[in-house]
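Engineer: Have a look at this one.
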Amino acid sequence: MKKLLSLLIALVAFAIVGCGGGDKKSDGKGEPQVLNLFSWADNIDPAVIERFEKENNCKVNYDVFANNEELLAKIQAGGAQYDVIQPSDYMVATMLKLGMLEELNLANIPNAKNIVSNLQAPAYDPTGKHSVVYTWGMTGIVYNKKYIKEAPTSWNDLWKDEYKGRIILLNDNREVIGMALKKNGHSNNSLNPQEVEAAVKDLKQLAPNVLAFDTDTIKQKFIAEEAWIGTMWTGDASYTYKDNKDIGFVIPKEGATIWADTFAIPKGAPHKELAEKFINFMYDPKVSAQNYEYIGYNDPNEKAAEFHSEEFKNDPMLKIGRENIDKGEWLTDIGEALTMYDRYWTELKTGK
Amino acid sequence: MPKTWRSHVLCAYAMAILAFLYLPLLILALYSFNESRINAVWSGFTFDWYLALFKNRRVLEALTNSLIVAFASTIVSTVLGTTAAIALNKYQYKYKSVINGLLYLPILIPEIVMGLSLLVLFSQAHIPLGKTSLILAHITFCVSFVVITVNARLEGMRPELEQAAMDLYATPFQTFRYVTLPLAMPGIVAGALMAFTLSIDDFIISFFVAGPNSTTLPLYIYAMVKRGISPEINALSTLLMLATIILVIIAQLLQPQHISKKEE
Amino acid sequence: MRNGKLMVAPTVLWLSFFFVVPLLIVVAVSFASRTPYGQVIFDWTLGNYARFTETLYLSIFADTLIVALITTVLTILLGYPLAYFIAQLPQKWQQPGLILVMIPFWINFLIRSYAWVIILRTQGVLNTILLKFGLIDQPLQMLYNEVAVMLGMVYALLPFMVLPIYVSIEQLDHRLLEAASDLGASPFTAFRKITLPLTMPGIAAGTILVFISSLGMFVVPDVMGGAKSALIGNLIQNQFLSARDWPFGSALSIVLAVLSLVLIVLYYKALSSQQGGGKNAKDMA
């Protein structure tokens, strides 16, 4: 066992020395500029990043977070200095209110004009000066045609008794309560306590029928047919459909939540100019065509259409999103009411 | 000990629990050969994920970071935890209960609270975020686990042996080096294993105290969740598992010579 | 001698700086309030603690305690025999045996949990096998319920029980057991009167590690339980992330820590009053 220990220690020493050398290289002369990027894992085609590194003689540090709330908490507590972050729509609104975002110098990002007009200056960033849409989608009803013969048309269809134990809802208080609000014909940002209470009352009826709440692995659950019906994002529906052709997806008639992931620059970013250069690069039509083919989410870049493959352009799930974009309503930051939403959410989860 | 039916039952029971521990790993290894990128259903056999893994700079960097942080924090926290446990067992302290409380408290605080509060501390104290801050944080949450494990050993240890050494005019250091330490060794090894296990798989605390260029494997894996964890991770886990088992076997094969030398 | 006493100093100093200082910040935050956007305002209120006494939150605490208790008992039942088995192996196989038990835990917990989902889901490995052998006609719904959560908890925390128990069984003096059997004690009596009391420090340490860790779990309820139940770990996590209520989250954490500390002290008190038996056995040798 002593041998094993010394073997391990030798390995560590090796690793530390090896990586110490690596660190020095970047500190050496001819020092390339550094861009600290904070995003989801696998959210950008690595080949695209490599190309940017080469063209601009810089190094991109790609760090990762698992959800918006972690991103906010980390930056609020004084977390590391990032140059480019990728918050979602409602998080942009929150960060704006907290004064955490730099104003973008759009003169440095001429390619931002390539973004389709209805995604420029969306409700969560009304001036459109603090964020640009990276990708977007809508929340709709996903279902499996093997088990559900008649396509759902309304959020009400989730409440059908025959789906008991076969429903999966997104594990997110705003998405779920927002969905119930939409069902009742209200805004998914309702601040009206009566409306929210009524929505929660309906959800408490639905809760016993729910198999699971899940955001991250909902794709796997529908591919493996653990569930028949549920709420899902367009991008995930497209993924799911690739592995299970029985999957159907609809945007209900009452309207639905539309969401976006964005690029933004946090206050105090050490390399703002390079950050803007990077964002501009990402909206170059050819670059973005390559990038979105890789990640498989909606490309907001109008000019990129000619470079996309037929397969990407005809993706049925992404198409449903594009055709229904007018039925979408953004989630905005609801401030104080978040406490109410969170309390109702806890009640729903505990069944009390 | 005579080999009775009782020892057979015990052996079978232990094997069943080992099977319980390894069952998910078998599935995980199996799915590293699955064609589909989303690990949901079996869609065909492929080696592609292993090839992709070796080209994936980011995963390999994360693995290196994880190993560096885990080994460094295991070594330091084992030393800190062991010395504290031995001292507390041997000597009387005026504020023993306060010290004990201090040693136990870190395991009582939820991880997210520890992670956030350490981040606040680091940013106030201008400790840059990176591997160093990760190691500091990991040591902090591992120490208590080592103390408790080593303590479980010391409490059952008989003080007579140390007493005998002292009676034979061993210096306190000699007593410590040749009596206390060897007797405590299984506890120390167990404590170190525990620290390593905690560190290599920590997510929440690491998330908050990591900085640019210090993404660890758990951080990387959790962040992949939104798009679906790539089977490359299964491939990596399978290789790591095999490598560790092979390492243990090699060490075991080297062992007998080692012991026989001692006996001579 | 005084030098020896100072051996505890580095650890105490380390924890004072890296643990007590941040902890004081948490205590301070627990008496603060927050703006709608989650900024902390220090206005010294007891409101966060008062909020905790609402039945909604108390019931979550109670549920969590029950889950933690069952998890602890199950890990003792599973872990003790395993630790015993390793401890009675020939010396040279003990550490490899221990490492063999630990290896699964060096693989990322999230993907191990997902592997359990693949095994247990309706169209999963286990259901397929059961259906094939005609043991069931309908796939069983094994996931997203309390049993699945418990399974995940036990699976995650078993090593924290096995390690300390192994450590104390390994030092057991086998002559005591031989003496007992020479004196006509049945193996069961010998186990109850000698082995169990003498390995109590290991069980105690394992119990504390498992119990406390299970109080803070939040991944298992989400992955294995379908996020349908909320344990205190999830509640605290939510306060810091989605609800953006750091003060309430801090207060919940402090309550949890104090409660755990009280339980530990009571537990040790109960043990030491029982341990007379163990000491006697030792003296007998």
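Numbering starts fresh at 1 for the residues of each chain in the structure tokens, the chains themselves are lettered A, B, ... in the order given, and ligands are numbered from 1 as they appear.
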Sort by chain and increasing residue number a table of all residues of chain B within 6 Å of chain A, each with its closest pair of atoms and their distance in Å to one decimal, counting only C-alpha atoms, and write it as a Markdown table.
Structural biologist:
```
| residue | atom | partner | partner_atom | distance |
| --- | --- | --- | --- | --- |
| B:Ala40 | CA | A:Gln220 | CA | 4.7 |
| B:Val120 | CA | A:Ala77 | CA | 5.5 |
| B:Ser123 | CA | A:Gly78 | CA | 5.8 |
| B:Phe208 | CA | A:Lys74 | CA | 5.9 |
| B:Gly211 | CA | A:Ala80 | CA | 5.5 |
| B:Tyr222 | CA | A:Ala66 | CA | 5.9 |
| B:Ala223 | CA | A:Ala66 | CA | 4.1 |
| B:Met224 | CA | A:Ala41 | CA | 4.8 |
| B:Val225 | CA | A:Asp216 | CA | 5.7 |
| B:Lys226 | CA | A:Asp216 | CA | 5.1 |
| B:Ala251 | CA | A:Leu4 | CA | 5.2 |
```
Engineer: Per residue of chain A within 7 Å of chain C, which atom pair is closest and at what distance in Å (one decimal), using only C-alpha atoms, listed by chain and increasing number, as a Markdown table?
Structural biologist:
```
| residue | atom | partner | partner_atom | distance |
| --- | --- | --- | --- | --- |
| A:Glu69 | CA | C:Leu241 | CA | 4.9 |
| A:Glu70 | CA | C:Leu241 | CA | 6.3 |
| A:Ala73 | CA | C:Leu241 | CA | 6.8 |
| A:Thr94 | CA | C:Tyr37 | CA | 6.8 |
| A:Leu98 | CA | C:Tyr37 | CA | 7.0 |
| A:Leu211 | CA | C:Tyr144 | CA | 6.8 |
| A:Ala212 | CA | C:Gly226 | CA | 4.1 |
| A:Phe213 | CA | C:Ala227 | CA | 5.4 |
| A:Asp214 | CA | C:Gly226 | CA | 6.7 |
| A:Ala224 | CA | C:Gln123 | CA | 6.9 |
| A:Glu226 | CA | C:Thr122 | CA | 6.1 |
| A:Gly335 | CA | C:Pro36 | CA | 4.7 |
| A:Glu336 | CA | C:Pro36 | CA | 4.4 |
| A:Leu338 | CA | C:Ala243 | CA | 6.3 |
| A:Thr339 | CA | C:Ala243 | CA | 6.3 |
| A:Asp342 | CA | C:Ala243 | CA | 5.9 |
| A:Lys349 | CA | C:Lys228 | CA | 5.2 |
| A:Thr350 | CA | C:Ser229 | CA | 5.4 |
```
Engineer: For the residues in the current selection, export C-alpha atoms as a JSON list (two decimals), in the first residue's frame.
Structural biologist:
```json
[["chain", "number", "residue", "atom", "x", "y", "z"],
["A", 69, "GLU", "CA", -29.45, 31.36, -10.33],
["A", 70, "GLU", "CA", -25.97, 30.02, -9.71],
["A", 73, "ALA", "CA", -25.27, 34.15, -6.85],
["A", 94, "THR", "CA", -32.72, 41.02, -12.85],
["A", 98, "LEU", "CA", -29.12, 45.25, -9.97],
["A", 211, "LEU", "CA", -44.77, 11.67, -12.31],
["A", 212, "ALA", "CA", -41.83, 14.03, -11.82],
["A", 213, "PHE", "CA", -40.67, 17.62, -12.04],
["A", 214, "ASP", "CA", -37.60, 17.79, -14.24],
["A", 224, "ALA", "CA", -37.39, 6.36, -22.87],
["A", 226, "GLU", "CA", -41.34, 7.12, -19.00],
["A", 335, "GLY", "CA", -39.29, 41.33, -7.93],
["A", 336, "GLU", "CA", -41.09, 41.18, -4.61],
["A", 338, "LEU", "CA", -40.90, 36.06, -6.14],
["A", 339, "THR", "CA", -41.34, 35.30, -2.44],
["A", 342, "ASP", "CA", -41.49, 30.46, -4.08],
["A", 349, "LYS", "CA", -43.84, 20.20, -3.78],
["A", 350, "THR", "CA", -44.73, 19.17, -0.25]]
```
Engineer: Hey, what's within 8 Å of range 320-332 of chain A if we count only C-alpha atoms and toss same-chain stuff fewer than 6 positions away? As a ChimeraX atom specification, please?
Structural biologist: /A:89-90,93,123-124,137-138,174,187-189,234,249-251,253-259
Engineer: Identify, with DSSP run on backbone atoms, the residues in range 4-65 of chain C assigned to strand (DSSP E), and express the list as a ChimeraX atom specification.
Structural biologist: /C:33-34,40-41
Engineer: Each residue of chain B with at least one atom at most 6 Å from chain C should appear once, together with its nearest atom pair and the corresponding distance in Å (one decimal); atoms considered: only C-alpha atoms; ordering: chain, then increasing residue number; output as a Markdown table.
Structural biologist:
```
| residue | atom | partner | partner_atom | distance |
| --- | --- | --- | --- | --- |
| B:Ala14 | CA | C:Leu82 | CA | 5.0 |
| B:Pro24 | CA | C:Ala115 | CA | 5.1 |
| B:Leu28 | CA | C:Ala115 | CA | 5.9 |
| B:Leu80 | CA | C:Thr11 | CA | 5.4 |
| B:Thr83 | CA | C:Met7 | CA | 5.8 |
| B:Ala84 | CA | C:Val8 | CA | 4.3 |
| B:Ala87 | CA | C:Val8 | CA | 5.8 |
| B:Leu108 | CA | C:Ala257 | CA | 5.0 |
| B:Ile109 | CA | C:Ala257 | CA | 5.8 |
| B:Pro110 | CA | C:Gly216 | CA | 5.8 |
| B:Ser117 | CA | C:Pro22 | CA | 5.0 |
| B:Leu118 | CA | C:Pro22 | CA | 5.9 |
| B:Thr149 | CA | C:Pro164 | CA | 5.4 |
| B:Ala152 | CA | C:Pro201 | CA | 5.1 |
| B:Arg153 | CA | C:Ser168 | CA | 5.4 |
| B:Gly187 | CA | C:Val167 | CA | 5.4 |
| B:Ala190 | CA | C:Leu163 | CA | 5.8 |
| B:Thr197 | CA | C:Trp106 | CA | 5.8 |
| B:Asp201 | CA | C:Asn108 | CA | 5.8 |
```
Engineer: Given the selection you just returned, output its residues as a file containing C-alpha atoms, formatted as an mmCIF file, in the first residue's frame.
Structural biologist:
```cif
data_model
loop_
_atom_site.group_PDB
_atom_site.id
_atom_site.type_symbol
_atom_site.label_atom_id
_atom_site.label_comp_id
_atom_site.auth_asym_id
_atom_site.auth_seq_id
_atom_site.Cartn_x
_atom_site.Cartn_y
_atom_site.Cartn_z
ATOM 1 C CA ALA B 14 -20.637 -8.456 1.516
ATOM 2 C CA PRO B 24 -24.774 1.438 -11.651
ATOM 3 C CA LEU B 28 -22.578 3.479 -16.945
ATOM 4 C CA LEU B 80 -4.403 18.692 9.976
ATOM 5 C CA THR B 83 -2.794 15.904 14.484
ATOM 6 C CA ALA B 84 -5.901 17.551 15.890
ATOM 7 C CA ALA B 87 -3.865 15.939 20.418
ATOM 8 C CA LEU B 108 -23.200 20.749 10.017
ATOM 9 C CA ILE B 109 -23.297 23.737 7.697
ATOM 10 C CA PRO B 110 -25.052 23.126 4.357
ATOM 11 C CA SER B 117 -19.575 32.408 2.555
ATOM 12 C CA LEU B 118 -16.123 31.247 1.499
ATOM 13 C CA THR B 149 -12.756 9.111 11.450
ATOM 14 C CA ALA B 152 -13.177 6.662 16.013
ATOM 15 C CA ARG B 153 -9.893 4.750 15.929
ATOM 16 C CA GLY B 187 -7.955 5.414 10.945
ATOM 17 C CA ALA B 190 -9.738 5.738 6.221
ATOM 18 C CA THR B 197 -13.853 10.952 -1.904
ATOM 19 C CA ASP B 201 -16.860 14.694 -6.235
#
```
Engineer: Hey, which of B:Pro159, B:Asn234, B:Ile249, B:Ala210 ends up closest to Ile27 in chain B? Count only C-alpha atoms.
Structural biologist: B:Asn234
Engineer: Identify, with DSSP run on backbone atoms, the residues in range 62-189 of chain B assigned to helix (DSSP H, G or I), and express the list as a ChimeraX atom specification.
Structural biologist: /B:62-90,96-108,111-124,131-155,159-167,172-189
Engineer: Neighbouring residues of range 135-140 of chain B were defined as those with any atom within 10 Å, considering only C-alpha atoms; residues of the same chain fewer than 4 positions away were excluded. Please report them as a ChimeraX atom specification.
Structural biologist: /B:66,68-78,80-81,106-107,114-115,118-119,122,130-131,144-145,195-196,198-200,202,205-206,208-210 /C:11,14-15,17-19
Engineer: Write out, as a PDB file, in the first residue's frame, the residues just selected, with C-alpha atoms.
Structural biologist:
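That gives us result.pdb:
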```
ATOM      1  CA  SER B  66      -9.881  17.670 -10.110  1.00  0.00           C
ATOM      2  CA  ILE B  68      -4.639  18.171  -8.363  1.00  0.00           C
ATOM      3  CA  VAL B  69      -7.218  19.665  -6.021  1.00  0.00           C
ATOM      4  CA  ALA B  70      -8.210  16.279  -4.579  1.00  0.00           C
ATOM      5  CA  PHE B  71      -4.680  15.064  -3.865  1.00  0.00           C
ATOM      6  CA  ALA B  72      -3.477  18.364  -2.452  1.00  0.00           C
ATOM      7  CA  SER B  73      -6.474  18.817  -0.188  1.00  0.00           C
ATOM      8  CA  THR B  74      -6.417  15.169   0.916  1.00  0.00           C
ATOM      9  CA  ILE B  75      -2.801  15.414   2.025  1.00  0.00           C
ATOM     10  CA  VAL B  76      -3.193  18.678   3.920  1.00  0.00           C
ATOM     11  CA  SER B  77      -6.544  17.854   5.502  1.00  0.00           C
ATOM     12  CA  THR B  78      -5.304  14.417   6.601  1.00  0.00           C
ATOM     13  CA  LEU B  80      -4.403  18.692   9.976  1.00  0.00           C
ATOM     14  CA  GLY B  81      -7.190  16.301  10.963  1.00  0.00           C
ATOM     15  CA  PRO B 106     -18.121  22.456   9.383  1.00  0.00           C
ATOM     16  CA  ILE B 107     -19.998  19.235   8.619  1.00  0.00           C
ATOM     17  CA  MET B 114     -20.211  27.228   3.079  1.00  0.00           C
ATOM     18  CA  GLY B 115     -19.519  27.813  -0.615  1.00  0.00           C
ATOM     19  CA  LEU B 118     -16.123  31.247   1.499  1.00  0.00           C
ATOM     20  CA  LEU B 119     -16.556  33.115  -1.772  1.00  0.00           C
ATOM     21  CA  PHE B 122     -12.026  35.125  -0.595  1.00  0.00           C
ATOM     22  CA  GLY B 130      -8.550  29.490  -8.956  1.00  0.00           C
ATOM     23  CA  LYS B 131      -6.978  26.211  -7.988  1.00  0.00           C
ATOM     24  CA  SER B 144     -13.727  17.567  10.109  1.00  0.00           C
ATOM     25  CA  PHE B 145     -14.391  14.277   8.343  1.00  0.00           C
ATOM     26  CA  ALA B 195     -11.301  13.304   2.282  1.00  0.00           C
ATOM     27  CA  PHE B 196     -10.345  12.219  -1.219  1.00  0.00           C
ATOM     28  CA  LEU B 198     -15.418  14.211  -0.716  1.00  0.00           C
ATOM     29  CA  SER B 199     -13.044  16.379  -2.665  1.00  0.00           C
ATOM     30  CA  ILE B 200     -13.074  14.526  -5.987  1.00  0.00           C
ATOM     31  CA  ASP B 202     -17.637  18.066  -4.695  1.00  0.00           C
ATOM     32  CA  ILE B 205     -18.641  24.527  -2.842  1.00  0.00           C
ATOM     33  CA  SER B 206     -16.316  24.180  -5.825  1.00  0.00           C
ATOM     34  CA  PHE B 208     -18.556  29.168  -5.912  1.00  0.00           C
ATOM     35  CA  VAL B 209     -14.839  29.233  -5.180  1.00  0.00           C
ATOM     36  CA  ALA B 210     -13.580  28.227  -8.636  1.00  0.00           C
TER      37      ALA B 210
ATOM     38  CA  THR C  11      -6.167  23.009  12.698  1.00  0.00           C
ATOM     39  CA  TRP C  14      -7.131  27.077   9.951  1.00  0.00           C
ATOM     40  CA  LEU C  15     -10.760  26.584  10.811  1.00  0.00           C
ATOM     41  CA  PHE C  17      -9.963  31.737   9.525  1.00  0.00           C
ATOM     42  CA  PHE C  18     -11.587  29.663   6.794  1.00  0.00           C
ATOM     43  CA  PHE C  19     -14.651  28.582   8.684  1.00  0.00           C
TER      44      PHE C  19
END
```
Engineer: CA of Leu247 in chain B and CA of Ala192 in chain B, how far apart in Å?
Structural biologist: 17.4 Å
Engineer: With a distance cut-off of 10 Å and only C-alpha atoms, select the neighbouring residues of Met185 in chain B, excluding the residue or stretch itself and same-chain residues fewer than 4 positions from it, and output the selection as a ChimeraX atom specification.
Structural biologist: /B:82,150,153-154,180-181,189-191 /C:167
